[in-house]
$ cat model-v4.csv   # CSV, C-alpha atoms (C1' of nucleotides)
chain,number,residue,atom,x,y,z
A,1068,MET,CA,-174.2,-54.0,109.8
A,1069,TYR,CA,-175.7,-53.3,106.5
A,1070,SER,CA,-173.8,-51.5,103.7
A,1071,SER,CA,-174.5,-47.9,104.0
A,1072,GLU,CA,-176.1,-47.5,100.6
A,1073,LEU,CA,-179.0,-49.7,101.7
A,1074,VAL,CA,-179.8,-47.7,104.9
A,1075,LYS,CA,-179.3,-44.5,103.0
A,1076,GLY,CA,-182.7,-43.1,102.1
A,1077,THR,CA,-184.6,-44.7,105.0
A,1078,LEU,CA,-183.3,-42.5,107.8
A,1079,LYS,CA,-186.0,-39.9,107.8
A,1080,THR,CA,-188.7,-42.5,107.6
A,1081,ILE,CA,-187.2,-44.4,110.5
A,1082,VAL,CA,-187.1,-41.2,112.5
A,1083,LEU,CA,-190.7,-40.3,111.7
A,1084,LYS,CA,-191.8,-43.8,112.5
A,1085,LEU,CA,-190.1,-43.8,115.9
A,1086,LEU,CA,-191.6,-40.4,116.7
A,1087,SER,CA,-195.0,-41.6,115.8
A,1088,GLU,CA,-194.7,-44.3,118.4
A,1089,HIS,CA,-193.0,-42.2,121.1
A,1090,LYS,CA,-194.4,-38.7,121.3
A,1091,GLU,CA,-190.9,-37.2,122.0
A,1092,MET,CA,-187.4,-38.4,121.7
A,1093,TYR,CA,-184.0,-36.7,121.6
A,1094,GLY,CA,-181.3,-37.3,119.1
A,1095,TYR,CA,-179.0,-39.6,120.9
A,1096,GLU,CA,-182.0,-41.6,122.2
A,1097,ILE,CA,-183.0,-42.2,118.6
A,1098,THR,CA,-179.6,-43.6,117.6
A,1099,GLN,CA,-179.7,-45.9,120.6
A,1100,LYS,CA,-183.2,-47.1,120.0
A,1101,VAL,CA,-182.5,-48.0,116.4
A,1102,LYS,CA,-179.3,-49.8,117.4
A,1103,ASP,CA,-181.2,-51.8,120.1
A,1104,LEU,CA,-184.2,-52.6,117.9
A,1105,THR,CA,-182.0,-53.8,115.0
A,1106,ALA,CA,-179.5,-55.7,117.2
A,1107,GLY,CA,-176.8,-53.3,116.0
A,1108,LYS,CA,-177.5,-54.0,112.3
A,1109,ILE,CA,-178.5,-50.4,111.7
A,1110,GLN,CA,-176.4,-47.8,113.4
A,1111,ILE,CA,-177.3,-44.2,112.8
A,1112,THR,CA,-174.4,-41.9,113.0
A,1113,GLU,CA,-174.7,-38.5,114.6
A,1114,GLY,CA,-173.3,-36.9,111.5
A,1115,ALA,CA,-176.3,-38.2,109.6
A,1116,LEU,CA,-179.0,-37.8,112.2
A,1117,TYR,CA,-178.6,-34.3,113.4
A,1118,PRO,CA,-178.7,-32.6,110.0
A,1119,SER,CA,-181.6,-34.8,109.2
A,1120,LEU,CA,-183.5,-33.8,112.3
A,1121,HIS,CA,-182.8,-30.1,111.5
A,1122,ALA,CA,-184.1,-30.6,108.0
A,1123,LEU,CA,-187.3,-32.2,109.3
A,1124,GLU,CA,-187.7,-29.3,111.7
A,1125,ASN,CA,-187.1,-26.8,109.0
A,1126,ASP,CA,-189.8,-28.5,106.9
A,1127,GLY,CA,-192.2,-28.1,109.8
A,1128,LEU,CA,-192.6,-31.8,110.5
A,1129,LEU,CA,-190.9,-31.6,113.9
A,1130,THR,CA,-190.9,-29.3,116.8
A,1131,THR,CA,-188.3,-29.1,119.6
A,1132,GLU,CA,-188.3,-28.6,123.3
A,1133,THR,CA,-185.0,-28.1,125.0
A,1134,MET,CA,-184.5,-29.7,128.5
A,1135,ASN,CA,-181.8,-29.3,131.0
A,1136,ILE,CA,-180.6,-32.5,132.4
A,1137,GLY,CA,-178.1,-31.5,135.1
A,1138,LYS,CA,-175.8,-29.2,133.3
A,1139,ARG,CA,-176.4,-31.0,130.0
A,1140,VAL,CA,-178.9,-30.0,127.3
A,1141,ARG,CA,-181.3,-32.3,125.6
A,1142,LYS,CA,-183.3,-31.4,122.6
A,1143,TYR,CA,-186.6,-33.3,122.5
A,1144,TYR,CA,-188.2,-33.7,119.1
A,1145,SER,CA,-191.9,-34.4,118.5
A,1146,LEU,CA,-194.2,-34.6,115.4
A,1147,THR,CA,-196.2,-31.6,114.4
A,1148,LYS,CA,-199.6,-32.1,112.8
A,1149,LYS,CA,-197.9,-31.9,109.4
A,1150,GLY,CA,-195.3,-34.3,110.7
A,1151,LYS,CA,-197.9,-36.9,111.6
A,1152,SER,CA,-199.4,-37.0,108.2
A,1153,ALA,CA,-196.0,-36.9,106.6
A,1154,ALA,CA,-195.0,-39.9,108.8
A,1155,GLU,CA,-198.0,-41.8,107.6
A,1156,GLU,CA,-197.2,-41.2,104.0
A,1157,LYS,CA,-193.6,-42.0,104.3
A,1158,ILE,CA,-194.2,-45.2,106.3
A,1159,SER,CA,-196.8,-46.4,103.8
A,1160,GLU,CA,-194.5,-45.6,100.9
A,1161,LEU,CA,-191.6,-47.5,102.5
A,1162,SER,CA,-193.9,-50.4,103.3
A,1163,ASP,CA,-195.0,-50.6,99.7
A,1164,PHE,CA,-191.4,-50.4,98.6
A,1165,LEU,CA,-190.4,-53.2,100.8
A,1166,GLN,CA,-193.1,-55.4,99.3
A,1167,THR,CA,-192.0,-54.6,95.8
A,1168,MET,CA,-188.4,-55.4,96.6
A,1169,ARG,CA,-189.5,-58.6,98.3
A,1170,PHE,CA,-191.3,-59.5,95.1
A,1171,LEU,CA,-188.2,-58.8,93.0
A,1172,LEU,CA,-186.0,-60.9,95.3
A,1173,ASP,CA,-188.4,-63.8,95.2
A,1174,LEU,CA,-188.3,-64.1,91.4
A,1175,LYS,CA,-187.6,-67.6,90.2
A,1176,PRO,CA,-185.2,-68.4,87.4
A,1177,ALA,CA,-186.7,-67.7,84.0
A,1178,GLN,CA,-186.8,-70.9,81.9
A,1179,GLU,CA,-184.5,-70.2,79.1
B,1464,MET,CA,-193.0,-44.2,91.6
B,1465,TYR,CA,-191.0,-44.3,94.8
B,1466,SER,CA,-189.0,-41.4,95.9
B,1467,SER,CA,-185.5,-41.8,94.5
B,1468,GLU,CA,-183.7,-42.0,97.9
B,1469,LEU,CA,-185.5,-45.2,98.6
B,1470,VAL,CA,-184.4,-46.9,95.4
B,1471,LYS,CA,-181.0,-45.5,95.6
B,1472,GLY,CA,-178.7,-48.2,97.0
B,1473,THR,CA,-180.6,-51.1,95.7
B,1474,LEU,CA,-179.7,-50.8,92.0
B,1475,LYS,CA,-176.7,-53.0,91.9
B,1476,THR,CA,-178.5,-55.7,93.9
B,1477,ILE,CA,-181.4,-55.6,91.5
B,1478,VAL,CA,-179.1,-55.9,88.5
B,1479,LEU,CA,-177.3,-58.9,90.1
B,1480,LYS,CA,-180.6,-60.5,91.0
B,1481,LEU,CA,-181.9,-60.2,87.5
B,1482,LEU,CA,-178.7,-61.5,86.0
B,1483,SER,CA,-178.7,-64.5,88.3
B,1484,GLU,CA,-182.1,-65.4,86.9
B,1485,HIS,CA,-181.5,-64.6,83.2
B,1486,LYS,CA,-178.0,-65.7,82.2
B,1487,GLU,CA,-177.5,-62.6,80.0
B,1488,MET,CA,-179.3,-59.3,79.6
B,1489,TYR,CA,-178.5,-56.0,77.9
B,1490,GLY,CA,-178.9,-52.6,79.6
B,1491,TYR,CA,-182.0,-51.4,78.0
B,1492,GLU,CA,-183.6,-54.8,78.6
B,1493,ILE,CA,-182.9,-54.5,82.3
B,1494,THR,CA,-184.6,-51.1,82.5
B,1495,GLN,CA,-187.7,-52.5,80.8
B,1496,LYS,CA,-187.7,-55.7,82.9
B,1497,VAL,CA,-187.7,-53.8,86.2
B,1498,LYS,CA,-190.3,-51.4,85.0
B,1499,ASP,CA,-192.5,-54.3,84.0
B,1500,LEU,CA,-192.0,-56.3,87.1
B,1501,THR,CA,-192.8,-53.4,89.4
B,1502,ALA,CA,-195.7,-52.0,87.4
B,1503,GLY,CA,-193.7,-48.8,86.7
B,1504,LYS,CA,-193.0,-48.2,90.4
B,1505,ILE,CA,-189.3,-48.5,89.9
B,1506,GLN,CA,-187.9,-47.0,86.8
B,1507,ILE,CA,-184.1,-47.3,86.3
B,1508,THR,CA,-182.7,-44.4,84.3
B,1509,GLU,CA,-180.0,-45.0,81.8
B,1510,GLY,CA,-177.8,-42.4,83.5
B,1511,ALA,CA,-177.9,-44.6,86.6
B,1512,LEU,CA,-177.7,-48.0,85.0
B,1513,TYR,CA,-174.9,-47.7,82.5
B,1514,PRO,CA,-172.3,-46.3,84.9
B,1515,SER,CA,-173.4,-49.0,87.4
B,1516,LEU,CA,-173.0,-51.8,84.9
B,1517,HIS,CA,-169.6,-50.5,84.0
B,1518,ALA,CA,-168.6,-50.4,87.6
B,1519,LEU,CA,-169.8,-54.0,88.1
B,1520,GLU,CA,-167.8,-55.0,85.1
B,1521,ASN,CA,-164.8,-53.2,86.4
B,1522,ASP,CA,-165.0,-55.0,89.6
B,1523,GLY,CA,-165.0,-58.3,87.8
B,1524,LEU,CA,-168.6,-59.3,88.6
B,1525,LEU,CA,-169.9,-59.0,85.0
B,1526,THR,CA,-168.6,-59.9,81.6
B,1527,THR,CA,-169.9,-58.5,78.4
B,1528,GLU,CA,-170.5,-59.8,74.9
B,1529,THR,CA,-171.4,-57.4,72.1
B,1530,MET,CA,-174.0,-58.5,69.6
B,1531,ASN,CA,-174.9,-56.8,66.3
B,1532,ILE,CA,-178.7,-56.6,65.8
B,1533,GLY,CA,-179.1,-55.3,62.3
B,1534,LYS,CA,-176.9,-52.2,62.4
B,1535,ARG,CA,-177.4,-51.7,66.1
B,1536,VAL,CA,-175.1,-52.8,68.9
B,1537,ARG,CA,-176.3,-54.6,72.0
B,1538,LYS,CA,-174.1,-55.3,74.9
B,1539,TYR,CA,-175.0,-58.4,76.8
B,1540,TYR,CA,-174.0,-58.7,80.4
B,1541,SER,CA,-173.6,-61.9,82.4
B,1542,LEU,CA,-172.4,-62.9,85.8
B,1543,THR,CA,-168.8,-64.1,86.3
B,1544,LYS,CA,-168.1,-66.7,88.9
B,1545,LYS,CA,-167.1,-63.9,91.3
B,1546,GLY,CA,-170.4,-62.1,90.2
B,1547,LYS,CA,-172.4,-65.1,91.2
B,1548,SER,CA,-171.2,-65.3,94.7
B,1549,ALA,CA,-171.4,-61.5,95.0
B,1550,ALA,CA,-175.0,-61.7,93.8
B,1551,GLU,CA,-175.8,-64.3,96.5
B,1552,GLU,CA,-174.3,-62.1,99.2
B,1553,LYS,CA,-175.9,-58.9,98.0
B,1554,ILE,CA,-179.3,-60.6,97.7
B,1555,SER,CA,-179.1,-62.1,101.1
B,1556,GLU,CA,-178.0,-58.9,102.6
B,1557,LEU,CA,-180.9,-57.0,101.0
B,1558,SER,CA,-183.3,-59.7,102.1
B,1559,ASP,CA,-182.1,-59.4,105.7
B,1560,PHE,CA,-182.4,-55.7,105.5
B,1561,LEU,CA,-186.0,-55.8,104.2
B,1562,GLN,CA,-186.9,-58.0,107.2
B,1563,THR,CA,-185.3,-55.6,109.6
B,1564,MET,CA,-187.1,-52.7,108.1
B,1565,ARG,CA,-190.3,-54.6,108.1
B,1566,PHE,CA,-189.8,-55.2,111.8
B,1567,LEU,CA,-189.2,-51.5,112.4
B,1568,LEU,CA,-192.3,-50.5,110.6
B,1569,ASP,CA,-194.4,-53.0,112.5
B,1570,LEU,CA,-193.6,-51.5,115.9
B,1571,LYS,CA,-196.5,-50.7,118.0
B,1572,PRO,CA,-196.9,-47.6,120.0
B,1573,ALA,CA,-194.9,-47.7,123.3
B,1574,GLN,CA,-197.0,-47.2,126.3
B,1575,GLU,CA,-195.7,-44.0,127.7
C,66,DT,C1',-157.6,-38.8,140.1
C,67,DT,C1',-157.2,-39.5,135.8
C,68,DG,C1',-158.2,-41.9,131.8
C,69,DA,C1',-161.5,-44.2,129.1
C,70,DC,C1',-166.0,-44.5,127.6
C,71,DA,C1',-170.8,-43.0,127.4
C,72,DT,C1',-173.9,-39.2,126.9
C,73,DA,C1',-175.3,-35.1,124.0
C,74,DC,C1',-175.1,-31.6,121.0
C,75,DA,C1',-173.1,-29.6,116.4
C,76,DT,C1',-170.9,-28.7,111.8
C,77,DA,C1',-167.7,-29.2,107.7
C,78,DA,C1',-165.2,-31.5,104.1
C,79,DG,C1',-165.3,-35.3,101.2
C,80,DT,C1',-167.5,-39.4,98.8
C,81,DT,C1',-171.0,-42.1,96.6
C,82,DT,C1',-174.7,-42.6,93.9
C,83,DC,C1',-177.9,-41.0,91.9
C,84,DT,C1',-180.7,-37.2,88.6
C,85,DT,C1',-180.9,-34.5,84.7
C,86,DA,C1',-179.2,-33.2,80.5
C,87,DT,C1',-177.1,-34.1,76.5
C,88,DG,C1',-175.2,-36.7,72.6
C,89,DT,C1',-175.1,-40.3,68.9
C,90,DA,C1',-177.4,-43.6,66.1
C,91,DT,C1',-180.9,-47.1,64.3
C,92,DC,C1',-185.6,-48.7,63.5
C,93,DA,C1',-190.7,-48.6,63.1
C,94,DT,C1',-194.9,-46.2,62.5
C,95,DT,C1',-197.9,-42.5,61.0
D,1395,DA,C1',-190.4,-36.5,57.7
D,1396,DA,C1',-191.4,-36.6,62.4
D,1397,DT,C1',-192.2,-39.0,66.5
D,1398,DG,C1',-191.2,-42.4,69.7
D,1399,DA,C1',-188.9,-46.6,70.9
D,1400,DT,C1',-184.6,-48.9,71.0
D,1401,DA,C1',-179.7,-48.7,72.5
D,1402,DC,C1',-175.5,-47.1,73.8
D,1403,DA,C1',-172.7,-43.4,76.5
D,1404,DT,C1',-170.9,-39.5,79.5
D,1405,DA,C1',-170.8,-35.2,82.2
D,1406,DA,C1',-172.5,-31.7,85.5
D,1407,DG,C1',-175.0,-31.1,89.5
D,1408,DA,C1',-177.7,-32.6,93.7
D,1409,DA,C1',-178.7,-35.3,97.7
D,1410,DA,C1',-177.6,-37.8,101.5
D,1411,DC,C1',-174.7,-39.7,103.5
D,1412,DT,C1',-169.5,-40.9,106.0
D,1413,DT,C1',-165.7,-39.4,108.4
D,1414,DA,C1',-163.5,-36.2,111.1
D,1415,DT,C1',-163.6,-32.8,114.3
D,1416,DG,C1',-165.1,-29.9,118.1
D,1417,DT,C1',-167.3,-28.9,122.7
D,1418,DA,C1',-168.9,-30.3,127.1
D,1419,DT,C1',-170.8,-33.2,130.9
D,1420,DG,C1',-171.4,-37.6,133.5
D,1421,DT,C1',-169.7,-42.2,135.2
D,1422,DC,C1',-166.7,-45.7,136.5
D,1423,DA,C1',-162.6,-48.4,137.2
D,1424,DA,C1',-157.7,-48.7,138.1
$ encode --input "model-v4.csv" --output "structure tokens"
Amino acid sequence: MYSSELVKGTLKTIVLKLLSEHKEMYGYEITQKVKDLTAGKIQITEGALYPSLHALENDGLLTTETMNIGKRVRKYYSLTKKGKSAAEEKISELSDFLQTMRFLLDLKPAQE
Amino acid sequence: MYSSELVKGTLKTIVLKLLSEHKEMYGYEITQKVKDLTAGKIQITEGALYPSLHALENDGLLTTETMNIGKRVRKYYSLTKKGKSAAEEKISELSDFLQTMRFLLDLKPAQE
DNA sequence: TTGACATACATAAGTTTCTTATGTATCATT
DNA sequence: AATGATACATAAGAAACTTATGTATGTCAA
């Protein structure tokens, strides 16, 4: 598990990335997918995810479709057109950021 | 410039990394170094840096030495022994995290 | 058959870590 | 003498979480 400050800030981008690969996913599914893909190193809590999904929907990046599974309800999220381009931007920004951070971490000792 | 949520959470690790390469640095120097190294893409504000430095010092990871430059004061920070091992841990955690995030971003569309 | 755990949604209070604003002061340049 | 860079500092407010709690269904083992 990574310290939470690190993961903080990447949640929405992760969600947008997953939805750009999966057409539609529901909240709980997203938490499990991330957990699986990262071997448990990133665990999205529901307290973080649901408000985040609601915010993305409010911003018009996601639409929802509610399904009844037996007596339970599932809310499937998918990218809107706006969401697709936002996803691309966010993903590319994060990608760029990762490279910059990689560069910083690879610095060699300054001769002093 | 990256959106601030992204950079959030990496500040202390960046500081520890720089100090593990430079023996001693003062606050303003750190802000300039990061700006230079990242071509302005990461700009650490003083409102973020100074409290963060104070916290690291409080946790026993940094020690300070005050220098007089003309009539001005500079506060040089350097890693303590505890700071050195904390730096290694933080850097390796961030490095691991970057790899995990890279993996997530490289995912291909799931056949659906 | 009941207790534990997984599935599935949701929200609210509290915390951390920033941003933004402000303050003080020195130094160099125009 | 005014501007911008250098150099420290702190405080109020915002953002994005964590932690706790609530509701409810489904599954499985003892």
$ residues_near_point --input "model-v4.csv" --point "(-167.4, -31.0, 101.8)" --cutoff "12 Å" --atoms "all atoms listed in the file" --output "PyMOL selection string"
(chain C and resi 76-80) or (chain D and resi 1411-1414)
$ interface_residues --input "model-v4.csv" --of "chain A" --to "chain D" --cutoff "9 Å" --atoms "only C-alpha atoms (C1' of nucleotides)" --output "PyMOL selection string"
chain A and resi 1071-1072+1075-1076+1112+1114-1115+1137-1139
$ residues_around --input "model-v4.csv" --residues "region 1524-1528 of chain B" --least-positions-apart "6" --cutoff "6 Å" --atoms "all atoms listed in the file" --output "ChimeraX atom specification"
/B:1538-1543,1545-1546
$ residues_around --input "model-v4.csv" --residues "Val1101 (chain A)" --least-positions-apart "4" --cutoff "9 Å" --atoms "only C-alpha atoms (C1' of nucleotides)" --output "JSON, numbers by chain"
{"A": [1081, 1085, 1096, 1097, 1105, 1106, 1107, 1108, 1109, 1110, 1111], "B": [1567]}
$ closest_residue --input "model-v4.csv" --among "A:Thr1077, A:Thr1133, A:Asn1125, A:Ser1162" --to "chain C" --atoms "only C-alpha atoms (C1' of nucleotides)"
A:Thr1133
$ interface_residues --input "model-v4.csv" --of "chain B" --to "chain A" --cutoff "8 Å" --atoms "all atoms listed in the file" --output "PyMOL selection string"
chain B and resi 1465+1468-1473+1477+1480+1483-1485+1500-1501+1554+1556-1558+1560-1561+1563+1565+1567-1568+1570-1573+1575
$ write_last_selection --input "model-v4.csv" --atoms "C-alpha atoms" --output "PDB file, keeping the file's coordinate frame"
ATOM      1  CA  TYR B1465    -191.000 -44.300  94.800  1.00  0.00           C
ATOM      2  CA  GLU B1468    -183.700 -42.000  97.900  1.00  0.00           C
ATOM      3  CA  LEU B1469    -185.500 -45.200  98.600  1.00  0.00           C
ATOM      4  CA  VAL B1470    -184.400 -46.900  95.400  1.00  0.00           C
ATOM      5  CA  LYS B1471    -181.000 -45.500  95.600  1.00  0.00           C
ATOM      6  CA  GLY B1472    -178.700 -48.200  97.000  1.00  0.00           C
ATOM      7  CA  THR B1473    -180.600 -51.100  95.700  1.00  0.00           C
ATOM      8  CA  ILE B1477    -181.400 -55.600  91.500  1.00  0.00           C
ATOM      9  CA  LYS B1480    -180.600 -60.500  91.000  1.00  0.00           C
ATOM     10  CA  SER B1483    -178.700 -64.500  88.300  1.00  0.00           C
ATOM     11  CA  GLU B1484    -182.100 -65.400  86.900  1.00  0.00           C
ATOM     12  CA  HIS B1485    -181.500 -64.600  83.200  1.00  0.00           C
ATOM     13  CA  LEU B1500    -192.000 -56.300  87.100  1.00  0.00           C
ATOM     14  CA  THR B1501    -192.800 -53.400  89.400  1.00  0.00           C
ATOM     15  CA  ILE B1554    -179.300 -60.600  97.700  1.00  0.00           C
ATOM     16  CA  GLU B1556    -178.000 -58.900 102.600  1.00  0.00           C
ATOM     17  CA  LEU B1557    -180.900 -57.000 101.000  1.00  0.00           C
ATOM     18  CA  SER B1558    -183.300 -59.700 102.100  1.00  0.00           C
ATOM     19  CA  PHE B1560    -182.400 -55.700 105.500  1.00  0.00           C
ATOM     20  CA  LEU B1561    -186.000 -55.800 104.200  1.00  0.00           C
ATOM     21  CA  THR B1563    -185.300 -55.600 109.600  1.00  0.00           C
ATOM     22  CA  ARG B1565    -190.300 -54.600 108.100  1.00  0.00           C
ATOM     23  CA  LEU B1567    -189.200 -51.500 112.400  1.00  0.00           C
ATOM     24  CA  LEU B1568    -192.300 -50.500 110.600  1.00  0.00           C
ATOM     25  CA  LEU B1570    -193.600 -51.500 115.900  1.00  0.00           C
ATOM     26  CA  LYS B1571    -196.500 -50.700 118.000  1.00  0.00           C
ATOM     27  CA  PRO B1572    -196.900 -47.600 120.000  1.00  0.00           C
ATOM     28  CA  ALA B1573    -194.900 -47.700 123.300  1.00  0.00           C
ATOM     29  CA  GLU B1575    -195.700 -44.000 127.700  1.00  0.00           C
TER      30      GLU B1575
END
$ atom_distance --input "model-v4.csv" --atom1 "CA of Gly1127 (chain A)" --atom2 "C1' of DT84 (chain C)"
25.8 Å
$ calpha_fit_and_write --input "model-v4.csv" --fixed "chain B" --moving "chain A" --output "short mmCIF file (atom, residue, chain, number, x, y, z; two decimals) with C-alpha atoms, keeping the file's coordinate frame"
data_model
loop_
_atom_site.label_atom_id
_atom_site.label_comp_id
_atom_site.auth_asym_id
_atom_site.auth_seq_id
_atom_site.Cartn_x
_atom_site.Cartn_y
_atom_site.Cartn_z
CA MET A 1068 -192.99 -44.26 91.60
CA TYR A 1069 -190.99 -44.35 94.70
CA SER A 1070 -188.88 -41.39 95.89
CA SER A 1071 -185.49 -41.79 94.52
CA GLU A 1072 -183.71 -41.97 97.85
CA LEU A 1073 -185.45 -45.27 98.61
CA VAL A 1074 -184.41 -47.00 95.32
CA LYS A 1075 -180.97 -45.52 95.65
CA GLY A 1076 -178.65 -48.19 96.99
CA THR A 1077 -180.60 -51.18 95.64
CA LEU A 1078 -179.72 -50.80 91.97
CA LYS A 1079 -176.72 -53.04 91.86
CA THR A 1080 -178.46 -55.72 93.83
CA ILE A 1081 -181.45 -55.59 91.52
CA VAL A 1082 -179.13 -55.93 88.56
CA LEU A 1083 -177.25 -58.87 90.06
CA LYS A 1084 -180.49 -60.52 90.99
CA LEU A 1085 -181.92 -60.22 87.48
CA LEU A 1086 -178.69 -61.57 86.00
CA SER A 1087 -178.77 -64.49 88.30
CA GLU A 1088 -182.14 -65.44 86.92
CA HIS A 1089 -181.41 -64.67 83.25
CA LYS A 1090 -177.92 -65.70 82.23
CA GLU A 1091 -177.53 -62.58 79.97
CA MET A 1092 -179.32 -59.35 79.57
CA TYR A 1093 -178.47 -56.01 77.97
CA GLY A 1094 -178.85 -52.65 79.53
CA TYR A 1095 -182.05 -51.42 78.08
CA GLU A 1096 -183.63 -54.86 78.62
CA ILE A 1097 -182.85 -54.51 82.31
CA THR A 1098 -184.59 -51.13 82.63
CA GLN A 1099 -187.63 -52.56 80.89
CA LYS A 1100 -187.77 -55.69 82.95
CA VAL A 1101 -187.65 -53.79 86.21
CA LYS A 1102 -190.33 -51.39 85.00
CA ASP A 1103 -192.59 -54.34 83.97
CA LEU A 1104 -191.99 -56.37 87.13
CA THR A 1105 -192.69 -53.38 89.42
CA ALA A 1106 -195.68 -52.07 87.41
CA GLY A 1107 -193.69 -48.90 86.73
CA LYS A 1108 -193.03 -48.24 90.44
CA ILE A 1109 -189.30 -48.59 89.96
CA GLN A 1110 -187.89 -47.03 86.85
CA ILE A 1111 -184.17 -47.29 86.34
CA THR A 1112 -182.75 -44.46 84.41
CA GLU A 1113 -180.04 -45.00 81.85
CA GLY A 1114 -177.91 -42.40 83.53
CA ALA A 1115 -177.86 -44.59 86.62
CA LEU A 1116 -177.69 -48.01 85.04
CA TYR A 1117 -174.92 -47.75 82.57
CA PRO A 1118 -172.27 -46.41 84.95
CA SER A 1119 -173.41 -49.00 87.37
CA LEU A 1120 -173.03 -51.81 84.89
CA HIS A 1121 -169.51 -50.51 84.01
CA ALA A 1122 -168.60 -50.46 87.66
CA LEU A 1123 -169.77 -54.05 88.11
CA GLU A 1124 -167.75 -55.03 85.07
CA ASN A 1125 -164.73 -53.23 86.33
CA ASP A 1126 -165.06 -55.11 89.64
CA GLY A 1127 -165.05 -58.36 87.70
CA LEU A 1128 -168.60 -59.35 88.58
CA LEU A 1129 -169.84 -59.03 84.99
CA THR A 1130 -168.61 -59.88 81.61
CA THR A 1131 -169.87 -58.50 78.27
CA GLU A 1132 -170.56 -59.82 74.85
CA THR A 1133 -171.35 -57.36 72.14
CA MET A 1134 -174.03 -58.35 69.51
CA ASN A 1135 -175.03 -56.75 66.33
CA ILE A 1136 -178.69 -56.47 65.90
CA GLY A 1137 -179.15 -55.07 62.39
CA LYS A 1138 -176.98 -52.05 62.40
CA ARG A 1139 -177.49 -51.56 66.14
CA VAL A 1140 -175.17 -52.77 68.92
CA ARG A 1141 -176.24 -54.57 72.00
CA LYS A 1142 -174.04 -55.22 74.92
CA TYR A 1143 -175.03 -58.41 76.75
CA TYR A 1144 -173.99 -58.67 80.37
CA SER A 1145 -173.63 -61.93 82.31
CA LEU A 1146 -172.35 -62.92 85.82
CA THR A 1147 -168.82 -64.10 86.22
CA LYS A 1148 -168.03 -66.70 88.87
CA LYS A 1149 -167.17 -63.85 91.24
CA GLY A 1150 -170.37 -62.16 90.17
CA LYS A 1151 -172.48 -65.15 91.15
CA SER A 1152 -171.19 -65.28 94.64
CA ALA A 1153 -171.35 -61.54 94.93
CA ALA A 1154 -175.03 -61.73 93.80
CA GLU A 1155 -175.75 -64.23 96.49
CA GLU A 1156 -174.26 -62.10 99.17
CA LYS A 1157 -175.89 -58.97 98.07
CA ILE A 1158 -179.33 -60.57 97.69
CA SER A 1159 -179.09 -62.16 101.13
CA GLU A 1160 -177.97 -58.88 102.66
CA LEU A 1161 -180.86 -56.99 101.05
CA SER A 1162 -183.28 -59.69 102.14
CA ASP A 1163 -182.11 -59.39 105.70
CA PHE A 1164 -182.38 -55.64 105.47
CA LEU A 1165 -185.87 -55.80 104.26
CA GLN A 1166 -186.84 -57.95 107.23
CA THR A 1167 -185.27 -55.56 109.65
CA MET A 1168 -187.05 -52.61 108.12
CA ARG A 1169 -190.29 -54.57 108.15
CA PHE A 1170 -189.73 -55.13 111.85
CA LEU A 1171 -189.13 -51.42 112.46
CA LEU A 1172 -192.27 -50.45 110.53
CA ASP A 1173 -194.39 -52.91 112.44
CA LEU A 1174 -193.51 -51.43 115.84
CA LYS A 1175 -196.53 -50.68 117.96
CA PRO A 1176 -196.94 -47.50 119.96
CA ALA A 1177 -194.90 -47.56 123.14
CA GLN A 1178 -197.19 -47.18 126.19
CA GLU A 1179 -196.19 -43.95 127.66
#
$ interface_residues --input "model-v4.csv" --of "chain C" --to "chain B" --cutoff "9 Å" --atoms "all atoms listed in the file" --output "ChimeraX atom specification"
/C:82-85,90-91
$ atom_distance --input "model-v4.csv" --atom1 "CA of Arg1141 (chain A)" --atom2 "CA of Tyr1095 (chain A)"
9.0 Å
$ atom_distance --input "model-v4.csv" --atom1 "CA of Glu1156 (chain A)" --atom2 "CA of Val1478 (chain B)"
28.0 Å
